[in-house]
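> Take a look at input-v6.cif, mmCIF, C-alpha atoms:
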data_protein
#
loop_
_atom_site.label_atom_id
_atom_site.label_comp_id
_atom_site.auth_asym_id
_atom_site.auth_seq_id
_atom_site.Cartn_x
_atom_site.Cartn_y
_atom_site.Cartn_z
CA MET A 7 -8.84 25.32 40.36
CA PHE A 8 -7.20 26.06 37.02
CA GLU A 9 -8.31 29.67 37.25
CA SER A 10 -6.57 30.26 40.60
CA ARG A 11 -3.43 32.38 40.94
CA ALA A 12 -1.56 29.83 43.01
CA GLN A 13 2.17 29.51 42.30
CA ALA A 14 1.90 25.75 41.85
CA TRP A 15 -0.78 23.21 41.03
CA VAL A 16 -0.25 19.67 42.33
CA ASN A 17 -1.46 16.70 40.32
CA THR A 18 -1.59 13.65 42.60
CA VAL A 19 -1.65 10.31 40.77
CA ASN A 20 -1.17 6.68 41.72
CA CYS A 21 1.86 4.57 40.80
CA VAL A 22 0.32 3.56 37.49
CA GLY A 23 0.12 7.19 36.44
CA VAL A 24 -2.77 6.72 34.00
CA MET A 25 -4.52 10.01 34.87
CA GLY A 26 -7.78 8.69 33.53
CA LYS A 27 -10.42 10.38 35.68
CA GLY A 28 -11.30 13.54 37.57
CA ILE A 29 -8.74 16.27 38.16
CA ALA A 30 -5.88 14.05 37.00
CA LEU A 31 -7.59 13.63 33.61
CA GLU A 32 -8.01 17.39 33.32
CA PHE A 33 -4.29 17.84 34.06
CA ARG A 34 -3.51 15.31 31.33
CA LYS A 35 -5.65 17.17 28.79
CA ARG A 36 -4.24 20.58 29.66
CA PHE A 37 -0.61 19.51 29.98
CA PRO A 38 0.04 16.56 27.64
CA ASP A 39 3.83 17.04 27.79
CA MET A 40 3.68 16.51 31.57
CA PHE A 41 1.84 13.24 31.00
CA LEU A 42 4.33 12.17 28.35
CA ALA A 43 7.20 12.69 30.81
CA ARG A 44 5.25 10.70 33.40
CA ILE A 45 4.76 7.63 31.18
CA GLN A 46 8.52 7.46 30.57
CA GLN A 47 9.36 7.44 34.28
CA ASP A 48 9.74 4.45 36.58
CA PRO A 49 7.29 5.13 39.43
CA PHE A 50 9.49 3.44 42.05
CA THR A 51 12.99 4.67 41.19
CA ASN A 52 12.02 8.03 39.61
CA THR A 53 14.35 7.26 36.70
CA THR A 54 13.73 6.98 32.99
CA ALA A 55 12.19 3.60 32.18
CA PRO A 56 11.41 1.74 28.95
CA LEU A 57 8.42 3.32 27.26
CA ARG A 58 5.11 1.90 28.44
CA VAL A 59 3.77 2.40 24.92
CA LYS A 60 5.82 0.27 22.56
CA PRO A 61 7.12 1.87 19.35
CA GLY A 62 5.03 -0.41 17.13
CA TRP A 63 1.85 0.63 18.93
CA PHE A 64 2.78 4.29 18.61
CA ALA A 65 3.35 3.76 14.88
CA LEU A 66 -0.20 2.41 14.68
CA VAL A 67 -1.47 5.70 16.14
CA GLU A 68 0.71 7.59 13.66
CA ILE A 69 -1.04 5.77 10.81
CA LEU A 70 -4.43 6.52 12.36
CA ALA A 71 -3.53 10.22 12.71
CA ARG A 72 -2.47 10.52 9.07
CA ILE A 73 -5.71 8.91 7.89
CA VAL A 74 -7.83 11.16 10.11
CA ARG A 75 -6.08 14.27 8.78
CA GLU A 76 -7.36 13.56 5.27
CA PRO A 77 -10.65 15.40 4.56
CA TYR A 78 -12.56 12.51 2.99
CA HIS A 79 -11.27 9.57 4.99
CA PRO A 80 -13.69 6.85 6.09
CA PRO A 81 -14.07 6.71 9.91
CA LEU A 82 -12.14 3.97 11.70
CA GLY A 83 -13.74 1.89 14.44
CA ARG A 84 -12.52 -1.18 16.28
CA VAL A 85 -13.13 -3.54 13.34
CA SER A 86 -11.12 -1.31 10.99
CA LEU A 87 -8.38 -0.94 13.61
CA GLN A 88 -8.18 -4.75 13.86
CA LYS A 89 -7.65 -4.94 10.10
CA LEU A 90 -5.17 -2.07 10.14
CA ALA A 91 -3.21 -3.87 12.87
CA TYR A 92 -3.38 -7.09 10.85
CA PHE A 93 -1.90 -5.55 7.70
CA ALA A 94 0.63 -3.62 9.81
CA SER A 95 1.80 -6.94 11.26
CA VAL A 96 1.96 -8.46 7.78
CA LEU A 97 4.10 -5.57 6.55
CA GLY A 98 6.51 -5.85 9.46
CA LEU A 99 5.48 -3.50 12.27
CA PRO A 100 6.37 -5.21 15.59
CA LEU A 101 2.93 -5.26 17.22
CA GLU A 102 3.42 -8.69 18.86
CA LEU A 103 -0.13 -9.76 17.99
CA GLN A 104 -1.34 -13.25 17.11
CA PHE A 105 -4.25 -13.32 14.67
CA VAL A 106 -6.81 -16.11 14.35
CA ARG A 107 -10.02 -16.53 12.38
CA GLY A 108 -12.85 -14.41 13.74
CA SER A 109 -16.41 -13.47 12.78
CA TYR A 110 -15.16 -10.31 11.07
CA GLY A 111 -11.97 -11.69 9.58
CA PRO A 112 -8.56 -12.12 11.23
CA TYR A 113 -8.76 -11.14 14.89
CA ALA A 114 -6.20 -10.60 17.67
CA ARG A 115 -7.76 -10.83 21.13
CA SER A 116 -4.81 -9.05 22.74
CA LEU A 117 -5.41 -5.95 20.62
CA THR A 118 -8.21 -5.08 23.07
CA ARG A 119 -5.56 -4.59 25.75
CA VAL A 120 -3.44 -2.52 23.36
CA ILE A 121 -6.42 -0.25 22.64
CA ALA A 122 -7.04 0.11 26.38
CA SER A 123 -3.39 1.01 26.96
CA LEU A 124 -3.37 3.57 24.15
CA SER A 125 -6.60 5.06 25.47
CA ASN A 126 -5.39 5.15 29.09
CA ASN A 127 -2.24 6.91 27.93
CA GLY A 128 -4.28 9.48 26.05
CA LEU A 129 -2.92 8.52 22.63
CA ILE A 130 -6.34 7.58 21.21
CA GLU A 131 -9.95 8.47 21.96
CA GLU A 132 -13.17 6.59 21.21
CA ARG A 133 -16.32 8.58 20.44
CA PRO A 134 -19.79 7.59 19.19
CA LEU A 135 -20.34 8.38 15.51
CA GLY A 136 -23.78 7.08 14.57
CA ARG A 137 -23.66 3.29 14.94
CA LEU A 138 -19.85 3.35 14.96
CA ILE A 139 -17.47 4.03 17.83
CA ALA A 140 -14.89 6.10 15.97
CA ILE A 141 -11.24 5.98 17.06
CA THR A 142 -9.16 9.16 16.69
CA PRO A 143 -5.80 10.39 18.04
CA GLY A 144 -5.95 11.55 21.67
CA PRO A 145 -4.64 14.63 23.50
CA THR A 146 -1.18 13.22 24.23
CA PHE A 147 -0.46 12.43 20.57
CA THR A 148 1.59 15.58 20.01
CA GLU A 149 4.77 16.65 18.26
CA ALA A 150 6.50 16.22 21.61
CA SER A 151 5.41 12.59 21.87
CA ARG A 152 6.37 11.96 18.23
CA LYS A 153 9.91 13.12 18.97
CA VAL A 154 10.29 10.33 21.51
CA TYR A 155 9.58 7.77 18.78
CA GLN A 156 11.09 9.63 15.83
CA GLY A 157 13.78 7.01 15.21
CA ALA A 158 11.25 4.17 14.87
CA LEU A 159 8.86 6.30 12.82
CA ARG A 160 11.66 7.22 10.43
CA GLU A 161 12.69 3.57 10.04
CA TRP A 162 9.12 2.43 9.36
CA GLU A 163 8.08 5.38 7.18
CA PRO A 164 7.65 3.31 3.95
CA VAL A 165 5.40 0.83 5.77
CA ILE A 166 3.48 3.58 7.55
CA GLN A 167 2.77 5.48 4.35
CA ARG A 168 1.80 2.33 2.48
CA LEU A 169 -0.74 1.47 5.17
CA VAL A 170 -2.14 5.01 5.06
CA ASP A 171 -2.58 4.72 1.29
CA LEU A 172 -4.18 1.30 1.69
CA PHE A 173 -6.76 2.28 4.31
CA MET A 174 -7.59 5.69 2.85
CA ARG A 175 -9.44 3.75 0.15
CA MET A 176 -11.29 1.27 2.34
CA ASP A 177 -14.31 1.56 4.59
CA THR A 178 -14.97 -0.97 7.36
CA ARG A 179 -16.50 -3.58 5.06
CA ALA A 180 -13.76 -3.31 2.44
CA ALA A 181 -11.10 -3.61 5.16
CA GLU A 182 -12.79 -6.75 6.46
CA VAL A 183 -12.93 -8.25 2.95
CA ALA A 184 -9.27 -7.45 2.23
CA ALA A 185 -7.96 -8.81 5.53
CA THR A 186 -10.09 -11.95 5.22
CA VAL A 187 -8.81 -12.56 1.70
CA HIS A 188 -5.19 -12.12 2.77
CA TYR A 189 -5.54 -14.43 5.77
CA ALA A 190 -7.32 -17.12 3.73
CA ALA A 191 -4.77 -16.94 0.91
CA SER A 192 -1.89 -17.24 3.38
CA GLU A 193 -3.49 -20.23 5.12
CA LEU A 194 -4.15 -21.99 1.81
CA LYS A 195 -0.61 -21.45 0.59
CA ALA A 196 0.77 -23.02 3.77
CA LYS A 197 -1.73 -25.90 3.64
CA LEU A 198 -1.28 -26.70 -0.07
CA ASP A 199 2.45 -25.97 -0.14
CA ARG A 200 1.89 -23.95 -3.30
CA PRO A 201 0.20 -20.69 -4.28
CA PRO A 202 -3.58 -21.24 -4.36
CA THR A 203 -5.63 -20.22 -7.35
CA GLU A 204 -7.81 -17.14 -7.14
CA VAL A 205 -10.93 -19.31 -7.25
CA GLU A 206 -9.62 -21.48 -4.41
CA VAL A 207 -9.20 -18.35 -2.28
CA LEU A 208 -12.68 -17.17 -3.26
CA LYS A 209 -14.25 -20.47 -2.20
CA GLU A 210 -12.32 -20.44 1.08
CA VAL A 211 -13.48 -16.92 1.93
CA MET A 212 -17.11 -17.60 0.99
CA ALA A 213 -17.13 -20.75 3.15
CA TRP A 214 -15.58 -18.82 6.06
CA LYS A 215 -18.20 -16.08 5.72
CA ALA A 216 -21.19 -18.31 4.95
CA ARG A 217 -23.11 -17.11 8.03
CA ARG A 218 -22.26 -13.43 7.74
CA LYS A 219 -25.21 -11.02 7.65
CA PRO A 220 -25.29 -9.28 5.24
CA PRO A 221 -23.22 -11.78 3.22
CA PHE A 222 -20.17 -10.96 1.14
CA ARG A 223 -20.79 -10.77 -2.60
CA GLU A 224 -18.60 -13.07 -4.67
CA SER A 225 -17.77 -10.15 -6.94
CA GLU A 226 -16.43 -7.94 -4.11
CA VAL A 227 -14.30 -10.80 -2.76
CA ALA A 228 -13.05 -11.53 -6.28
CA SER A 229 -12.08 -7.87 -6.75
CA ALA A 230 -10.18 -7.87 -3.46
CA ILE A 231 -8.33 -11.05 -4.50
CA ARG A 232 -7.33 -9.61 -7.87
CA ASN A 233 -6.23 -6.25 -6.43
CA LEU A 234 -4.27 -7.67 -3.51
CA ALA A 235 -2.56 -10.01 -5.96
CA ALA A 236 -1.73 -7.06 -8.22
CA LEU A 237 -0.13 -5.35 -5.21
CA ARG A 238 1.75 -8.59 -4.43
CA LEU A 239 0.23 -8.68 -0.99
CA ILE A 240 -0.92 -12.23 -1.73
CA ASP A 241 0.64 -14.96 -3.86
CA VAL A 242 -2.05 -16.62 -6.02
CA ARG A 243 -2.44 -18.19 -9.44
CA PRO A 244 -4.77 -16.35 -11.84
CA SER A 245 -8.17 -17.92 -12.50
CA PRO A 246 -9.87 -17.04 -15.80
CA THR A 247 -13.25 -17.83 -14.25
CA LEU A 248 -12.91 -15.41 -11.32
CA PRO A 249 -16.31 -13.61 -11.15
CA LEU A 250 -15.07 -10.02 -11.39
CA ASP A 251 -17.32 -6.97 -11.51
CA PRO A 252 -15.43 -4.01 -13.04
CA LEU A 253 -17.43 -1.61 -10.85
CA GLU A 254 -16.12 -3.19 -7.63
CA ALA A 255 -12.40 -2.51 -7.97
CA LEU A 256 -10.55 -2.09 -4.69
CA GLU A 257 -8.03 0.68 -5.36
CA VAL A 258 -5.30 0.35 -2.78
CA GLY A 259 -2.24 2.03 -4.31
CA ASP A 260 1.27 0.81 -5.01
CA GLY A 261 3.81 -0.85 -2.79
CA PRO A 262 6.60 -3.42 -2.57
CA GLU A 263 6.04 -7.14 -2.64
CA VAL A 264 4.82 -8.67 0.61
CA CYS A 265 3.15 -11.98 -0.25
CA GLY A 266 1.42 -14.23 2.27
CA ASN A 267 3.34 -17.05 3.87
#
Would you write the structure of this file as structure tokens?

Amino acid sequence: MFESRAQAWVNTVNCVGVMGKGIALEFRKRFPDMFLARIQQDPFTNTTAPLRVKPGWFALVEILARIVREPYHPPLGRVSLQKLAYFASVLGLPLELQFVRGSYGPYARSLTRVIASLSNNGLIEERPLGRLIAITPGPTFTEASRKVYQGALREWEPVIQRLVDLFMRMDTRAAEVAATVHYAASELKAKLDRPPTEVEVLKEVMAWKARRKPPFRESEVASAIRNLAALRLIDVRPSPTLPLDPLEALEVGDGPEVCGN
């Protein structure tokens, strides 16, 4: 079909306009700007509608794209994306997600729907990479699509770049440790009505992760506590007895103060 000399090619889609299979998917891959115009259009009135992909979600893909562009970045799967979304929410991106305790740290059930929406709109792709399902930017994440969100991206640039710096230095396990530490420290501060000590956070995390296989090492959790505190991502009181291993430092870069609640 795409090799024909016809004057026009017609892409028939339903009212949702996802273009997720068959010829419609091929149109979406070949003509991403057409798809971008489609997702901004009300299917019933044929007028411009509020974006189906919210600016905060698009910013999440922007962060993902910047990480993927780096030559030595660790691959990001769904667990890492959960932790990226968690820290993005902490730092102020409007993702409208509610996080609770999960087996792999703080978890937002509704993020599954966000991932599906981003995938259906061609902004991300999921591909097998060994035992991991790696998430990368999709065919509709283009300069044209970035222009639609350029105002929000410009406003959130400091947060976006800080998150890129943070996750460039963390694989899936380190991201899980860091997010778990932050969530536990924030919960303890609210419960105790004071900043918890580093050892109190360590005990809370180890109790939370008691059944994890393979288990967290106290030294890696301690390093995450000390480094997140140094970045002022958590508000804790120093503990001289924190079991630190100097070889397990979590280097996560600089940034402004954003302590847990």
> Could you check which of A:Met212, A:Ala158, A:Leu66, A:Val205 is closest to Ser245 of chain A, using only C-alpha atoms?
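Selected residue with least distance to Ser245 of chain A: A:Val205.
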> Could you state the separation of atom CA of Pro112 of chain A and atom CA of Thr146 of chain A in Å, given to one decimal place?
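Distance reported for this atom pair: 29.4 Å.
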> Can you pull out the residues contacting Trp63 of chain A? Cut-off 12 Å, using only C-alpha atoms, and skip same-chain residues under 5 positions away; I want them as a PyMOL selection string.
chain A and resi 57-58+68-70+87+90-91+94-95+99-103+117+119-125+127+129-130+155+158-159+166
> Restricting the calculation to all atoms listed in the file, which member of A:Thr118, A:Ser10, A:Ser151, A:Gln88 is positioned closest to Thr186 of chain A?
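The answer is A:Gln88, which sits nearest to Thr186 of chain A.
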> Starting from the displayed file, determine the output of the PyMOL selection byres ((chain A and resi 191) around 8) and express the residue list as a list in words.
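Those residues are Val187, His188, Tyr189, Ala190, Ser192, Glu193, Leu194, Lys195, Pro202, Val207, Ile240, Asp241, Val242 and Gly266 of chain A.
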> Excluding Ile73 of chain A and any residue of its chain fewer than 5 positions from it, enumerate the residues within 12 Å of it, using only C-alpha atoms, and give them as a VMD selection string.
chain A and resid 66 to 68 78 to 82 86 to 87 90 141 to 143 166 to 177
> Could you tell me how far atom CA of Leu237 of chain A sits from atom CA of Val211 of chain A, in Å to one decimal place?
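Those two atoms sit 19.1 Å apart.
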> Taking only C-alpha atoms into account, name the residue in A:Gly111, A:Ala14, A:Val154, A:Pro38 that is nearest to Arg179 of chain A.
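Distance minimum relative to Arg179 of chain A lands on A:Gly111.
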> In Å to one decimal, how far is atom CA of Ala230 of chain A from atom CA of Val183 of chain A?
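Spanning atom CA of Val183 of chain A to atom CA of Ala230 of chain A is a straight-line distance of 7.0 Å.
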> From the list A:Pro244, A:Pro220, A:Pro249, A:Gly98, which residue is nearest Tyr110 of chain A when using all atoms listed in the file?
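Closest to Tyr110 of chain A of all the choices is A:Pro220.
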> Evaluate the PyMOL selection byres ((chain A and resi 225) around 12) and record the selected residues as number ranges by chain, following the chain and residue labels used in the document.
A: 183, 205, 208-209, 211-212, 221-224, 226-232, 247-256
> Please complete segment 149-160 of chain A so it has N, CA, C and O atoms, and hand it over as a compact mmCIF listing (two decimals), keeping the file's coordinate frame.

# COMPACT_ATOMS: atom_id res chain seq x y z
N GLU A 149 3.44 16.62 18.84
CA GLU A 149 4.77 16.65 18.26
C GLU A 149 5.82 16.24 19.29
O GLU A 149 6.82 15.61 18.97
N ALA A 150 5.56 16.60 20.56
CA ALA A 150 6.50 16.22 21.61
C ALA A 150 6.57 14.70 21.77
O ALA A 150 7.65 14.11 21.89
N SER A 151 5.41 14.04 21.74
CA SER A 151 5.41 12.59 21.87
C SER A 151 6.01 11.93 20.63
O SER A 151 6.68 10.90 20.73
N ARG A 152 5.80 12.52 19.46
CA ARG A 152 6.37 11.96 18.23
C ARG A 152 7.89 12.00 18.26
O ARG A 152 8.55 11.12 17.70
N LYS A 153 8.45 13.02 18.90
CA LYS A 153 9.91 13.12 18.97
C LYS A 153 10.51 11.95 19.74
O LYS A 153 11.62 11.51 19.44
N VAL A 154 9.79 11.46 20.73
CA VAL A 154 10.29 10.33 21.51
C VAL A 154 10.46 9.10 20.62
O VAL A 154 11.38 8.30 20.81
N TYR A 155 9.58 8.96 19.64
CA TYR A 155 9.58 7.77 18.78
C TYR A 155 10.10 8.06 17.37
O TYR A 155 9.91 7.26 16.46
N GLN A 156 10.75 9.19 17.19
CA GLN A 156 11.09 9.63 15.83
C GLN A 156 12.02 8.64 15.11
O GLN A 156 11.92 8.47 13.89
N GLY A 157 12.89 7.97 15.85
CA GLY A 157 13.78 7.01 15.21
C GLY A 157 13.01 5.85 14.60
O GLY A 157 13.24 5.47 13.44
N ALA A 158 12.06 5.29 15.37
CA ALA A 158 11.25 4.17 14.87
C ALA A 158 10.35 4.62 13.73
O ALA A 158 10.19 3.92 12.72
N LEU A 159 9.76 5.80 13.87
CA LEU A 159 8.86 6.30 12.82
C LEU A 159 9.63 6.52 11.51
O LEU A 159 9.11 6.23 10.43
N ARG A 160 10.86 7.01 11.63
CA ARG A 160 11.66 7.22 10.43
C ARG A 160 12.00 5.88 9.77
O ARG A 160 11.93 5.74 8.55
